[in-house]
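Asker: upload-v3.txt is the file, holding compact mmCIF, C-alpha atoms:
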# COMPACT_ATOMS: atom_id res chain seq x y z
CA MET A 1 0.00 0.00 0.00
CA ILE A 2 1.17 3.52 -0.80
CA PHE A 3 -0.38 6.71 0.55
CA ASN A 4 -0.01 10.28 -0.69
CA GLY A 5 0.04 12.84 2.11
CA ASP A 6 1.77 13.98 5.28
CA CYS A 7 2.87 10.89 7.19
CA LEU A 8 1.86 12.51 10.50
CA ASP A 9 -1.80 12.47 9.43
CA ILE A 10 -1.71 9.05 7.79
CA LEU A 11 0.18 7.30 10.62
CA ALA A 12 -2.58 8.36 13.03
CA THR A 13 -4.99 6.04 11.17
CA PHE A 14 -2.83 2.91 11.65
CA GLU A 15 -3.27 0.30 14.36
CA SER A 16 -0.79 0.49 17.25
CA GLU A 17 2.03 -2.08 17.41
CA SER A 18 1.31 -3.39 13.91
CA VAL A 19 4.64 -2.73 12.15
CA ASP A 20 7.77 -4.90 12.30
CA MET A 21 10.30 -2.38 10.99
CA ILE A 22 10.39 1.29 10.03
CA TYR A 23 12.96 2.86 7.74
CA LEU A 24 12.86 6.60 7.19
CA ASP A 25 14.98 8.72 4.88
CA PRO A 26 13.49 12.10 5.87
CA PRO A 27 14.60 15.63 4.95
CA PHE A 28 18.19 16.11 6.17
CA PHE A 29 18.01 19.84 7.06
CA THR A 30 20.22 20.64 4.07
CA GLN A 31 18.48 24.01 3.62
CA LYS A 32 18.31 23.31 -0.12
CA THR A 33 15.72 22.36 -2.69
CA GLN A 34 16.62 18.83 -3.84
CA LYS A 35 16.13 18.55 -7.59
CA LEU A 36 16.94 16.00 -10.30
CA SER A 37 15.50 14.93 -13.65
CA ASP A 38 14.85 11.50 -15.13
CA LYS A 39 15.92 10.18 -18.54
CA ASN A 40 12.89 11.83 -20.16
CA GLY A 41 13.68 15.25 -18.72
CA LYS A 42 10.93 15.28 -16.09
CA ILE A 43 12.10 17.18 -13.00
CA TYR A 44 11.51 15.79 -9.51
CA LYS A 45 12.11 18.06 -6.55
CA PHE A 46 11.28 18.68 -2.92
CA LYS A 47 12.14 21.45 -0.49
CA ASP A 48 14.40 20.74 2.47
CA THR A 49 14.39 24.31 3.79
CA TRP A 50 13.38 25.38 7.29
CA SER A 51 13.03 28.66 9.19
CA SER A 52 15.17 27.20 11.99
CA ARG A 53 16.63 23.98 13.32
CA LYS A 54 14.04 24.16 16.10
CA GLU A 55 11.24 24.00 13.52
CA TYR A 56 12.91 21.03 11.79
CA LEU A 57 13.39 19.05 15.00
CA ALA A 58 9.78 19.73 16.09
CA PHE A 59 8.64 18.37 12.70
CA MET A 60 10.76 15.24 13.16
CA LYS A 61 9.82 14.69 16.80
CA ALA A 62 6.07 14.64 16.16
CA ARG A 63 6.46 12.06 13.40
CA ILE A 64 8.95 9.81 15.18
CA LEU A 65 6.65 9.68 18.22
CA SER A 66 3.85 8.44 15.95
CA MET A 67 6.15 5.85 14.41
CA LYS A 68 7.19 4.46 17.79
CA LYS A 69 3.53 3.75 18.65
CA LEU A 70 3.18 1.66 15.50
CA LEU A 71 6.20 -0.57 16.16
CA LYS A 72 5.70 -4.02 17.62
CA PRO A 73 7.65 -4.73 20.85
CA THR A 74 10.10 -6.70 18.68
CA GLY A 75 10.34 -3.93 16.07
CA SER A 76 13.17 -1.60 15.07
CA LEU A 77 13.52 1.82 13.50
CA PHE A 78 16.27 2.88 11.08
CA LEU A 79 16.71 6.63 10.62
CA HIS A 80 18.86 7.67 7.65
CA CYS A 81 20.65 11.04 7.86
CA ASP A 82 23.87 12.91 7.13
CA THR A 83 26.00 15.44 9.00
CA SER A 84 23.49 18.26 8.45
CA ALA A 85 21.52 17.25 11.56
CA SER A 86 22.71 13.78 12.63
CA TRP A 87 23.90 14.83 16.10
CA HIS A 88 20.57 16.55 16.85
CA LEU A 89 18.56 13.59 15.55
CA LYS A 90 20.59 11.18 17.71
CA ILE A 91 19.66 13.17 20.83
CA LEU A 92 16.02 13.23 19.71
CA LEU A 93 16.00 9.45 19.20
CA ASP A 94 17.60 8.91 22.62
CA GLU A 95 14.80 10.97 24.13
CA ILE A 96 11.99 9.11 22.35
CA PHE A 97 13.29 5.52 22.39
CA GLY A 98 15.61 5.71 25.40
CA GLU A 99 19.39 5.56 25.30
CA THR A 100 19.37 1.88 26.26
CA ASN A 101 17.45 1.04 23.07
CA PHE A 102 20.11 2.51 20.80
CA ARG A 103 21.57 -0.47 18.89
CA SER A 104 23.91 0.73 16.15
CA GLU A 105 25.22 3.67 14.19
CA ILE A 106 25.54 2.24 10.69
CA ILE A 107 27.96 4.02 8.39
CA TRP A 108 27.10 3.69 4.71
CA CYS A 109 30.25 4.58 2.77
CA TYR A 110 30.70 4.90 -0.97
CA LYS A 111 33.00 6.48 -3.56
CA ARG A 112 32.07 9.86 -4.98
CA TRP A 113 34.44 12.51 -6.32
CA SER A 114 34.29 16.28 -6.31
CA ASN A 115 37.00 18.70 -7.37
CA SER A 116 35.17 21.63 -5.82
CA GLN A 117 35.20 20.31 -2.25
CA ASN A 118 37.43 22.32 0.07
CA GLY A 119 38.39 19.79 2.75
CA LEU A 120 37.68 16.11 3.27
CA LEU A 121 35.19 14.61 0.83
CA PRO A 122 31.86 13.59 2.45
CA ASN A 123 31.71 9.96 1.32
CA HIS A 124 29.37 8.48 3.90
CA GLN A 125 25.93 8.78 5.46
CA THR A 126 24.63 7.59 8.82
CA ILE A 127 21.76 5.27 9.72
CA PHE A 128 20.75 5.15 13.40
CA LEU A 129 19.22 1.87 14.54
CA TYR A 130 16.91 1.84 17.58
CA SER A 131 14.72 -0.94 18.91
CA LYS A 132 11.45 -0.44 20.75
CA THR A 133 12.42 -2.88 23.53
CA LYS A 134 15.38 -5.06 24.45
CA ASN A 135 13.59 -8.05 22.85
CA PHE A 136 14.08 -6.93 19.26
CA LYS A 137 14.30 -9.09 16.15
CA PHE A 138 17.76 -9.31 14.58
CA ASN A 139 19.07 -11.66 11.89
CA THR A 140 22.86 -11.90 11.74
CA ILE A 141 24.38 -11.75 8.26
CA TYR A 142 27.78 -13.35 7.72
CA GLY A 143 30.45 -12.36 5.23
CA ASP A 144 33.70 -13.85 4.00
CA TYR A 145 36.87 -13.82 6.06
CA SER A 146 39.59 -11.31 5.23
CA PRO A 147 42.52 -12.61 3.13
CA THR A 148 44.74 -11.82 6.13
CA THR A 149 42.78 -14.20 8.38
CA ASN A 150 44.39 -17.55 9.19
CA ILE A 151 41.35 -19.75 8.58
CA ASP A 152 43.15 -22.88 9.77
CA GLN A 153 43.60 -21.29 13.21
CA ILE A 154 39.98 -20.14 13.43
CA LEU A 155 38.81 -23.72 12.88
CA GLN A 156 40.67 -24.87 16.01
CA GLU A 157 39.05 -24.54 19.41
CA ARG A 158 40.63 -22.33 22.08
CA GLU A 159 40.52 -21.99 25.84
CA ARG A 160 42.12 -19.91 28.59
CA ASP A 161 45.18 -21.24 30.42
CA LYS A 162 45.87 -20.62 34.12
CA PHE A 163 47.32 -17.21 33.24
CA GLY A 164 44.21 -16.17 31.32
CA LYS A 165 45.96 -16.42 27.96
CA ALA A 166 44.08 -17.85 24.96
CA VAL A 167 45.63 -21.16 23.85
CA TYR A 168 44.59 -24.03 21.60
CA LYS A 169 42.43 -26.56 23.43
CA LYS A 170 43.87 -30.09 23.51
CA ASN A 171 42.31 -33.45 24.26
CA SER A 172 43.63 -36.12 26.64
CA ASN A 173 46.09 -37.28 23.95
CA GLY A 174 47.57 -33.80 23.58
CA GLU A 175 45.97 -33.24 20.18
CA ILE A 176 44.44 -29.89 19.23
CA VAL A 177 40.63 -30.02 19.28
CA SER A 178 38.82 -28.91 16.14
CA GLY A 179 36.23 -26.20 16.63
CA LYS A 180 32.65 -26.04 15.38
CA ALA A 181 31.84 -25.09 11.79
CA LYS A 182 32.09 -21.34 11.21
CA LYS A 183 29.56 -19.24 9.33
CA GLY A 184 31.97 -16.42 8.49
CA VAL A 185 32.41 -12.90 9.81
CA PRO A 186 29.31 -11.20 11.31
CA LEU A 187 28.25 -8.03 9.51
CA SER A 188 29.85 -4.90 10.97
CA ASP A 189 28.36 -1.40 11.26
CA VAL A 190 30.36 -0.05 8.31
CA TRP A 191 28.75 -0.90 4.97
CA GLU A 192 30.59 -0.23 1.74
CA ILE A 193 27.85 -0.22 -0.90
CA PRO A 194 28.34 1.66 -4.20
CA PHE A 195 26.33 4.80 -4.79
CA LEU A 196 23.95 4.40 -7.72
CA ASN A 197 25.69 4.85 -11.05
CA PRO A 198 24.06 7.65 -13.11
CA LYS A 199 23.47 5.10 -15.89
CA ALA A 200 22.19 2.31 -13.64
CA LYS A 201 18.90 0.80 -14.79
CA GLU A 202 17.65 1.08 -11.21
CA ARG A 203 18.10 4.87 -11.17
CA THR A 204 14.86 6.82 -11.53
CA GLY A 205 16.02 10.43 -11.54
CA TYR A 206 14.53 11.08 -8.11
CA PRO A 207 16.83 13.16 -5.87
CA THR A 208 18.30 11.34 -2.84
CA GLN A 209 17.40 7.90 -4.27
CA LYS A 210 19.16 5.08 -2.36
CA PRO A 211 20.30 1.75 -3.85
CA VAL A 212 18.12 -1.34 -3.40
CA GLU A 213 21.21 -3.18 -2.12
CA LEU A 214 21.31 -0.89 0.93
CA LEU A 215 17.63 -1.31 1.79
CA GLU A 216 17.74 -5.07 1.24
CA ARG A 217 20.46 -5.37 3.84
CA ILE A 218 18.46 -3.34 6.36
CA ILE A 219 15.33 -5.42 5.73
CA LYS A 220 17.20 -8.73 5.96
CA ILE A 221 18.73 -8.03 9.37
CA SER A 222 15.51 -6.76 10.97
CA THR A 223 12.61 -8.73 9.46
CA ASP A 224 11.48 -12.13 8.23
CA LYS A 225 9.36 -13.03 5.21
CA GLY A 226 5.78 -11.83 5.64
CA ASP A 227 6.72 -9.07 8.12
CA LEU A 228 5.42 -5.54 7.60
CA VAL A 229 7.88 -2.78 6.59
CA LEU A 230 6.93 0.90 6.79
CA ASP A 231 8.62 3.83 5.01
CA PRO A 232 6.92 7.14 5.93
CA PHE A 233 9.11 9.18 3.55
CA CYS A 234 9.22 6.64 0.74
CA GLY A 235 10.27 8.96 -2.11
CA SER A 236 10.79 6.92 -5.28
CA GLY A 237 9.93 3.71 -3.42
CA THR A 238 13.28 1.95 -2.96
CA THR A 239 12.26 0.53 0.42
CA LEU A 240 9.03 -0.80 -1.05
CA VAL A 241 10.79 -2.35 -4.05
CA SER A 242 13.31 -4.03 -1.71
CA ALA A 243 10.54 -5.32 0.56
CA LYS A 244 8.63 -6.78 -2.38
CA LEU A 245 11.74 -8.49 -3.77
CA LEU A 246 12.37 -10.05 -0.33
CA GLY A 247 8.80 -11.20 0.27
CA ARG A 248 7.81 -8.67 2.93
CA LYS A 249 4.60 -6.68 3.20
CA PHE A 250 5.07 -2.92 2.92
CA VAL A 251 3.47 0.48 3.40
CA GLY A 252 4.86 3.66 1.87
CA ILE A 253 3.90 7.28 2.46
CA ASP A 254 5.06 10.43 0.71
CA ILE A 255 3.76 13.97 0.52
CA SER A 256 4.80 14.25 -3.15
CA LYS A 257 2.27 12.99 -5.69
CA ASP A 258 5.06 12.55 -8.27
CA ALA A 259 7.04 10.39 -5.85
CA VAL A 260 4.04 8.17 -5.14
CA GLU A 261 3.35 7.70 -8.85
CA MET A 262 6.97 6.78 -9.47
CA ALA A 263 6.96 4.27 -6.59
CA GLN A 264 3.79 2.66 -7.95
CA LYS A 265 5.39 2.26 -11.39
CA ARG A 266 8.54 0.71 -9.91
CA LEU A 267 6.49 -1.83 -7.98
CA ILE A 268 4.89 -3.17 -11.17
CA THR A 269 8.29 -4.57 -12.24
CA PRO A 270 10.62 -4.27 -9.22
CA PHE A 271 14.27 -4.21 -10.28
CA LYS A 272 17.66 -4.32 -8.57
CA THR A 273 20.90 -3.29 -10.24
CA ASP A 274 23.56 -5.99 -10.13
CA SER A 275 26.62 -4.43 -8.50
CA THR A 276 29.69 -5.98 -10.11
CA LEU A 277 31.86 -4.40 -7.42
CA LEU A 278 29.96 -6.17 -4.63
CA ARG A 279 29.70 -9.44 -6.53
CA VAL A 280 33.33 -9.90 -7.53
CA GLY A 281 35.13 -7.61 -5.09
CA VAL A 282 37.44 -4.65 -5.58
CA ASP A 283 40.49 -6.87 -6.14
CA SER A 284 39.01 -8.18 -9.39
CA TYR A 285 39.46 -4.68 -10.86
CA LYS A 286 43.20 -4.81 -10.28
CA THR A 287 44.95 -6.00 -13.45
CA LYS A 288 48.56 -5.03 -12.78
CA THR A 289 51.11 -7.78 -12.11
CA GLU A 290 53.63 -7.60 -9.29
CA ARG A 291 56.35 -6.87 -11.85
CA GLU A 292 54.36 -3.99 -13.37
CA LEU A 293 53.57 -2.48 -9.96
CA LYS A 294 57.26 -2.64 -9.06
CA ILE A 295 58.23 -0.81 -12.25
CA LEU A 296 55.54 1.85 -11.81
CA SER A 297 56.56 2.43 -8.18
CA GLN A 298 59.65 4.21 -9.55
CA PHE A 299 57.44 7.02 -10.84
CA GLU A 300 55.09 9.46 -9.14
CA CYS A 301 52.02 8.28 -10.98
CA ASP A 302 48.38 7.21 -10.77
CA ILE A 303 47.93 3.59 -11.87
CA VAL A 304 45.33 2.78 -14.54
CA GLN A 305 43.58 -0.60 -14.44
CA ARG A 306 41.96 -2.46 -17.36
CA ASN A 307 43.49 -0.42 -20.18
CA ARG A 308 45.70 -2.08 -22.82
CA GLY A 309 47.24 1.16 -24.01
CA ILE A 310 48.00 2.98 -20.75
CA ASP A 311 49.27 1.64 -17.41
CA ALA A 312 49.58 4.95 -15.53
CA PHE A 313 49.53 8.73 -15.73
CA LEU A 314 52.24 10.89 -14.18
CA LYS A 315 50.84 12.99 -11.35
CA LYS A 316 52.55 16.04 -12.84
CA HIS A 317 51.23 17.47 -16.13
CA TYR A 318 53.51 18.84 -18.82
CA LEU A 319 52.44 21.63 -21.19
CA GLY A 320 49.18 21.58 -19.27
CA LEU A 321 48.33 18.04 -20.41
CA PRO A 322 48.68 14.52 -18.92
CA VAL A 323 51.62 12.18 -19.58
CA ALA A 324 50.77 8.49 -20.11
CA LEU A 325 53.02 5.53 -19.26
CA LYS A 326 52.89 2.03 -20.70
CA ILE A 327 54.94 -1.08 -19.96
CA GLN A 328 55.62 -3.43 -22.86
CA LYS A 329 53.89 -6.72 -22.04
CA GLU A 330 55.55 -10.11 -22.47
CA ASN A 331 53.19 -11.04 -25.32
CA GLU A 332 53.69 -7.72 -27.17
CA THR A 333 56.33 -6.72 -29.67
CA ILE A 334 57.72 -3.26 -29.21
CA LEU A 335 55.90 -2.17 -32.38
CA GLU A 336 52.57 -3.34 -30.95
CA ALA A 337 53.28 -1.58 -27.66
CA ILE A 338 54.14 1.68 -29.45
CA ASN A 339 50.94 1.58 -31.50
CA LEU A 340 48.76 0.82 -28.47
CA LEU A 341 50.31 3.66 -26.45
CA GLN A 342 50.17 6.12 -29.35
CA ASN A 343 46.46 5.49 -29.99
CA ALA A 344 45.55 5.64 -26.31
CA GLY A 345 47.64 8.77 -25.77
CA GLU A 346 45.92 10.57 -28.63
CA LYS A 347 42.47 9.74 -27.23
CA LYS A 348 43.46 11.10 -23.82
CA LYS A 349 45.10 14.18 -25.40
CA CYS A 350 48.48 13.55 -23.76
CA SER A 351 51.35 15.99 -24.24
CA PHE A 352 53.87 13.14 -24.00
CA THR A 353 53.81 9.36 -23.70
CA VAL A 354 56.42 7.08 -22.15
CA LEU A 355 56.97 3.48 -23.23
CA ILE A 356 58.95 1.32 -20.83
CA TYR A 357 60.21 -1.51 -23.01
CA SER A 358 61.69 -4.90 -22.16
CA LYS A 359 65.48 -4.87 -22.09
CA ASN A 360 66.12 -7.76 -24.42
CA GLU A 361 68.25 -7.76 -27.55
CA ASN A 362 65.28 -7.72 -29.95
CA SER A 363 63.55 -4.79 -28.24
CA MET A 364 66.79 -2.83 -27.86
CA PHE A 365 67.58 -3.27 -31.54
CA LEU A 366 64.09 -2.28 -32.67
CA ALA A 367 63.99 0.68 -30.32
CA ASP A 368 67.01 2.11 -32.09
CA GLU A 369 65.74 1.34 -35.58
CA ILE A 370 62.02 2.08 -35.64
CA SER A 371 60.28 5.39 -36.15
CA VAL A 372 58.99 6.62 -32.80
CA PRO A 373 56.31 9.36 -32.50
CA LYS A 374 57.87 12.73 -31.65
CA ASN A 375 56.07 13.03 -28.33
CA MET A 376 56.92 9.45 -27.19
CA ILE A 377 59.85 8.69 -24.90
CA LEU A 378 61.31 5.17 -24.83
CA LEU A 379 62.87 3.91 -21.60
CA PRO A 380 64.35 0.47 -20.90
CA VAL A 381 62.87 -1.43 -17.94
CA LEU A 382 65.03 -0.33 -15.02
CA ASP A 383 64.32 -3.18 -12.64
CA GLU A 384 65.07 -5.84 -15.25
CA ASN A 385 68.48 -4.28 -15.86
CA LEU A 386 69.23 -4.31 -12.12
CA ASN A 387 67.98 -7.89 -11.68
CA PHE A 388 70.10 -9.02 -14.61
CA GLU A 389 73.24 -7.47 -13.11
CA LEU A 390 72.55 -8.93 -9.66
CA GLN A 391 71.92 -12.41 -11.06
CA LYS A 392 75.05 -12.23 -13.22
CA ARG A 393 77.28 -11.17 -10.33
CA SER A 394 75.69 -13.64 -7.91
CA ALA A 395 76.65 -16.49 -10.25
CA VAL A 396 80.33 -15.71 -9.90
CA SER A 397 80.34 -14.28 -6.38
CA PRO A 398 83.09 -15.56 -4.08
CA PHE A 399 80.87 -15.12 -0.99
Show how you would write the structure in this file as structure tokens.
Answerer:
Amino acid sequence: MIFNGDCLDILATFESESVDMIYLDPPFFTQKTQKLSDKNGKIYKFKDTWSSRKEYLAFMKARILSMKKLLKPTGSLFLHCDTSASWHLKILLDEIFGETNFRSEIIWCYKRWSNSQNGLLPNHQTIFLYSKTKNFKFNTIYGDYSPTTNIDQILQERERDKFGKAVYKKNSNGEIVSGKAKKGVPLSDVWEIPFLNPKAKERTGYPTQKPVELLERIIKISTDKGDLVLDPFCGSGTTLVSAKLLGRKFVGIDISKDAVEMAQKRLITPFKTDSTLLRVGVDSYKTKTERELKILSQFECDIVQRNRGIDAFLKKHYLGLPVALKIQKENETILEAINLLQNAGEKKKCSFTVLIYSKNENSMFLADEISVPKNMILLPVLDENLNFELQKRSAVSPF
């Protein structure tokens, strides 16, 4: 069900203690008009401007009090905010729910870039989690262990010795006792979930839209199938779409008629963008070999992944334009490497390009003989030269 109107009025018509979980992404006290357009050019906007912080907090308090009445004793509330008013909202939530019912401060972090920001880039938002009572529903989600974790040690049971030190538990034969099966690492309160790509199919053009991945995680940890989820500031309907995909019942409310219409359309064919970053991990985007990273470490440069023609850009520009670096690959002739770098450098409008070529007889000969573009500099691989000298001298070393 979706309602169009002020949630304060609509919540008053609901039955007390009927909702399992509430998620709200309310105005943030940004003192701006949030505006964005969809792919067809239709503009969606809402005002987040207030005469004072006191007015804003009074608005929020009245609505959060109504929400608390609707929560079941086992229910939880997730309030999404940013630094504009997060500290004030935390105090307000402590007052309404009680400090002892504060459960977590979830940090949603993501990558976004801005050249205009003076200071540290704001790449996170906060979600406060409160329960109505101490007997709240919570489903633990487990993730994979870190590559630095010694899994073989985790699978062995431990105990405290007479000095209170943790040691491996041993049986009567002195053998280490195997522990119980492990589910993985419990979910922490820092969630790295990509911000919606501007070209993502899931994106609607509604300002402040959140990714389905984020809402699915919130719904999974706080509800079971068939439970009722409420979003009193539902916007484009991401919470409702997530709830439907996960088999939960849902109620959405928004004061904007355009937002309600958009949410209704999304619910006809609910869709979630597949995040490649979350599915395969950030390491899968790293294509440089250890050898290549070692060579590039000799330069002050920014490394480029997944590009055949360019491996890095120098941090310093020359003639006001970037300088591209490429390392000749083992399966490339020097002619192929030159052509790849030249084409890529032209596309990126580089002032100069630098090809670091393999120091073997064939490459050295060709490097002297071939026609090289005027703006391309050829350098032999420095580390290979050093390794060759060290290996040669080690073979005849008297030590």
Asker: Please list as a VMD selection string every residue within 10 Å of region 63-76 of chain A, counting all atoms listed in the file and excluding residues in the same chain fewer than 3 positions away.
Answerer: chain A and resid 6 to 12 14 to 24 57 to 60 79 92 to 93 96 to 97 101 to 103 129 to 138 222 to 223 228 to 232
Asker: With only C-alpha atoms as the atoms that count, which of A:Met1, A:Ile219, A:Ile141, A:Ala263 lies nearest to Leu246 (chain A)?
Answerer: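 Closest residue, counting only C-alpha atoms: A:Ile219.
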Asker: I want to know what sits within 6 Å of region 25-33 of chain A, based on all atoms listed in the file, with residues of the same chain fewer than 4 positions away left out; could you give that as a list in words?
Answerer: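 Here the answer would be Phe46, Lys47, Asp48, Thr49, His80, Cys81, Ser84 and Phe233 of chain A.
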Asker: Between CA of Arg158 (chain A) and CA of Asn173 (chain A), what is the distance, to one decimal in Å?
Answerer: 16.0 Å
Asker: Name the residues in contact with Leu379 (chain A) at a cut-off of 7 Å, using only C-alpha atoms, excluding same-chain residues fewer than 3 positions from it; report them as a PyMOL selection string.
Answerer: chain A and resi 355-357
Asker: Could you jot down the CA of Asp94 (chain A) to CA of Ser51 (chain A) separation for me, Å, one decimal place?
Answerer: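 Spanning CA of Asp94 (chain A) to CA of Ser51 (chain A) is a straight-line distance of 24.3 Å.
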Asker: Excluding region 190-192 of chain A and its own-chain neighbours fewer than 4 positions away, which residues fall within 12 Å of it when counting all atoms listed in the file? Please give them as a VMD selection string.
Answerer: chain A and resid 104 to 111 123 to 127 143 186 211 213 to 215 217 to 218 275 277 to 278 281 to 282
Asker: Write the residues you've just listed into a file as a tab-separated table (two decimals), in the frame of the given file, and include C-alpha atoms for each of them.
Answerer:
chain	number	residue	atom	x	y	z
A	104	SER	CA	23.91	0.73	16.15
A	105	GLU	CA	25.22	3.67	14.19
A	106	ILE	CA	25.54	2.24	10.69
A	107	ILE	CA	27.96	4.02	8.39
A	108	TRP	CA	27.10	3.69	4.71
A	109	CYS	CA	30.25	4.58	2.77
A	110	TYR	CA	30.70	4.90	-0.97
A	111	LYS	CA	33.00	6.48	-3.56
A	123	ASN	CA	31.71	9.96	1.32
A	124	HIS	CA	29.37	8.48	3.90
A	125	GLN	CA	25.93	8.78	5.46
A	126	THR	CA	24.63	7.59	8.82
A	127	ILE	CA	21.76	5.27	9.72
A	143	GLY	CA	30.45	-12.36	5.23
A	186	PRO	CA	29.31	-11.20	11.31
A	211	PRO	CA	20.30	1.75	-3.85
A	213	GLU	CA	21.21	-3.18	-2.12
A	214	LEU	CA	21.31	-0.89	0.93
A	215	LEU	CA	17.63	-1.31	1.79
A	217	ARG	CA	20.46	-5.37	3.84
A	218	ILE	CA	18.46	-3.34	6.36
A	275	SER	CA	26.62	-4.43	-8.50
A	277	LEU	CA	31.86	-4.40	-7.42
A	278	LEU	CA	29.96	-6.17	-4.63
A	281	GLY	CA	35.13	-7.61	-5.09
A	282	VAL	CA	37.44	-4.65	-5.58
Asker: Please measure the separation of CA of Gly247 (chain A) and CA of Pro207 (chain A), giving the value in Å to one decimal.
Answerer: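 Spanning CA of Gly247 (chain A) to CA of Pro207 (chain A) is a straight-line distance of 26.4 Å.
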Asker: From the list A:Ile2, A:Leu335, A:Ala62, A:Leu296, which residue is nearest Val241 (chain A) when using only C-alpha atoms?
Answerer: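 Closest to Val241 (chain A), using only C-alpha atoms: A:Ile2.
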Asker: Of the residues A:Lys288, A:Lys349, A:Lys249, A:His88, which is the one nearest to Lys326 (chain A), using all atoms listed in the file?
Answerer: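 Smallest distance to Lys326 (chain A) is found for A:Lys288.
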Asker: Just want the 12 Å neighbourhood of Ile338 (chain A), counted on only C-alpha atoms, with same-chain residues fewer than 4 positions away dropped. Output as a PDB file with C-alpha atoms, in the frame of the given file.
Answerer:
ATOM      1  CA  ARG A 308      45.700  -2.080 -22.820  1.00  0.00           C
ATOM      2  CA  GLY A 309      47.240   1.160 -24.010  1.00  0.00           C
ATOM      3  CA  ILE A 310      48.000   2.980 -20.750  1.00  0.00           C
ATOM      4  CA  LEU A 325      53.020   5.530 -19.260  1.00  0.00           C
ATOM      5  CA  LYS A 326      52.890   2.030 -20.700  1.00  0.00           C
ATOM      6  CA  ILE A 327      54.940  -1.080 -19.960  1.00  0.00           C
ATOM      7  CA  GLN A 328      55.620  -3.430 -22.860  1.00  0.00           C
ATOM      8  CA  LYS A 329      53.890  -6.720 -22.040  1.00  0.00           C
ATOM      9  CA  GLU A 332      53.690  -7.720 -27.170  1.00  0.00           C
ATOM     10  CA  THR A 333      56.330  -6.720 -29.670  1.00  0.00           C
ATOM     11  CA  ILE A 334      57.720  -3.260 -29.210  1.00  0.00           C
ATOM     12  CA  GLN A 342      50.170   6.120 -29.350  1.00  0.00           C
ATOM     13  CA  ASN A 343      46.460   5.490 -29.990  1.00  0.00           C
ATOM     14  CA  ALA A 344      45.550   5.640 -26.310  1.00  0.00           C
ATOM     15  CA  GLY A 345      47.640   8.770 -25.770  1.00  0.00           C
ATOM     16  CA  THR A 353      53.810   9.360 -23.700  1.00  0.00           C
ATOM     17  CA  VAL A 354      56.420   7.080 -22.150  1.00  0.00           C
ATOM     18  CA  LEU A 355      56.970   3.480 -23.230  1.00  0.00           C
ATOM     19  CA  ILE A 356      58.950   1.320 -20.830  1.00  0.00           C
ATOM     20  CA  TYR A 357      60.210  -1.510 -23.010  1.00  0.00           C
ATOM     21  CA  SER A 363      63.550  -4.790 -28.240  1.00  0.00           C
ATOM     22  CA  LEU A 366      64.090  -2.280 -32.670  1.00  0.00           C
ATOM     23  CA  ALA A 367      63.990   0.680 -30.320  1.00  0.00           C
ATOM     24  CA  ILE A 370      62.020   2.080 -35.640  1.00  0.00           C
ATOM     25  CA  SER A 371      60.280   5.390 -36.150  1.00  0.00           C
ATOM     26  CA  VAL A 372      58.990   6.620 -32.800  1.00  0.00           C
ATOM     27  CA  PRO A 373      56.310   9.360 -32.500  1.00  0.00           C
ATOM     28  CA  LYS A 374      57.870  12.730 -31.650  1.00  0.00           C
ATOM     29  CA  ASN A 375      56.070  13.030 -28.330  1.00  0.00           C
ATOM     30  CA  MET A 376      56.920   9.450 -27.190  1.00  0.00           C
ATOM     31  CA  ILE A 377      59.850   8.690 -24.900  1.00  0.00           C
ATOM     32  CA  LEU A 378      61.310   5.170 -24.830  1.00  0.00           C
ATOM     33  CA  LEU A 379      62.870   3.910 -21.600  1.00  0.00           C
TER      34      LEU A 379
END
Asker: Which residue gives the smallest distance to Asp82 (chain A) among A:Glu300, A:Pro122, A:Tyr206, A:Pro322, with all atoms listed in the file counted?
Answerer: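 Among the listed residues, A:Pro122 lies closest to Asp82 (chain A).
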Asker: Between A:Ser236, A:Ser351, A:Gln298, A:Ser256, which one has atoms that come closest to Gly320 (chain A), using all atoms listed in the file?
Answerer: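 Smallest separation from Gly320 (chain A) among the options: A:Ser351.
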Asker: Complete the atom set of region 324-330 of chain A to N, CA and C atoms and return it as a PDB file, in the frame of the given file.
Answerer:
ATOM      1  N   ALA A 324      51.148   9.896 -20.295  1.00  0.00           N
ATOM      2  CA  ALA A 324      50.770   8.490 -20.110  1.00  0.00           C
ATOM      3  C   ALA A 324      51.995   7.586 -20.138  1.00  0.00           C
ATOM      4  N   LEU A 325      51.959   6.533 -19.299  1.00  0.00           N
ATOM      5  CA  LEU A 325      53.020   5.530 -19.260  1.00  0.00           C
ATOM      6  C   LEU A 325      52.456   4.179 -19.653  1.00  0.00           C
ATOM      7  N   LYS A 326      53.275   3.407 -20.368  1.00  0.00           N
ATOM      8  CA  LYS A 326      52.890   2.030 -20.700  1.00  0.00           C
ATOM      9  C   LYS A 326      54.116   1.135 -20.570  1.00  0.00           C
ATOM     10  N   ILE A 327      53.885  -0.071 -20.041  1.00  0.00           N
ATOM     11  CA  ILE A 327      54.940  -1.080 -19.960  1.00  0.00           C
ATOM     12  C   ILE A 327      54.705  -2.106 -21.058  1.00  0.00           C
ATOM     13  N   GLN A 328      55.745  -2.395 -21.820  1.00  0.00           N
ATOM     14  CA  GLN A 328      55.620  -3.430 -22.860  1.00  0.00           C
ATOM     15  C   GLN A 328      55.341  -4.774 -22.193  1.00  0.00           C
ATOM     16  N   LYS A 329      54.265  -5.429 -22.617  1.00  0.00           N
ATOM     17  CA  LYS A 329      53.890  -6.720 -22.040  1.00  0.00           C
ATOM     18  C   LYS A 329      54.711  -7.845 -22.677  1.00  0.00           C
ATOM     19  N   GLU A 330      54.752  -8.970 -22.008  1.00  0.00           N
ATOM     20  CA  GLU A 330      55.550 -10.110 -22.470  1.00  0.00           C
ATOM     21  C   GLU A 330      55.058 -10.637 -23.821  1.00  0.00           C
TER      22      GLU A 330
END
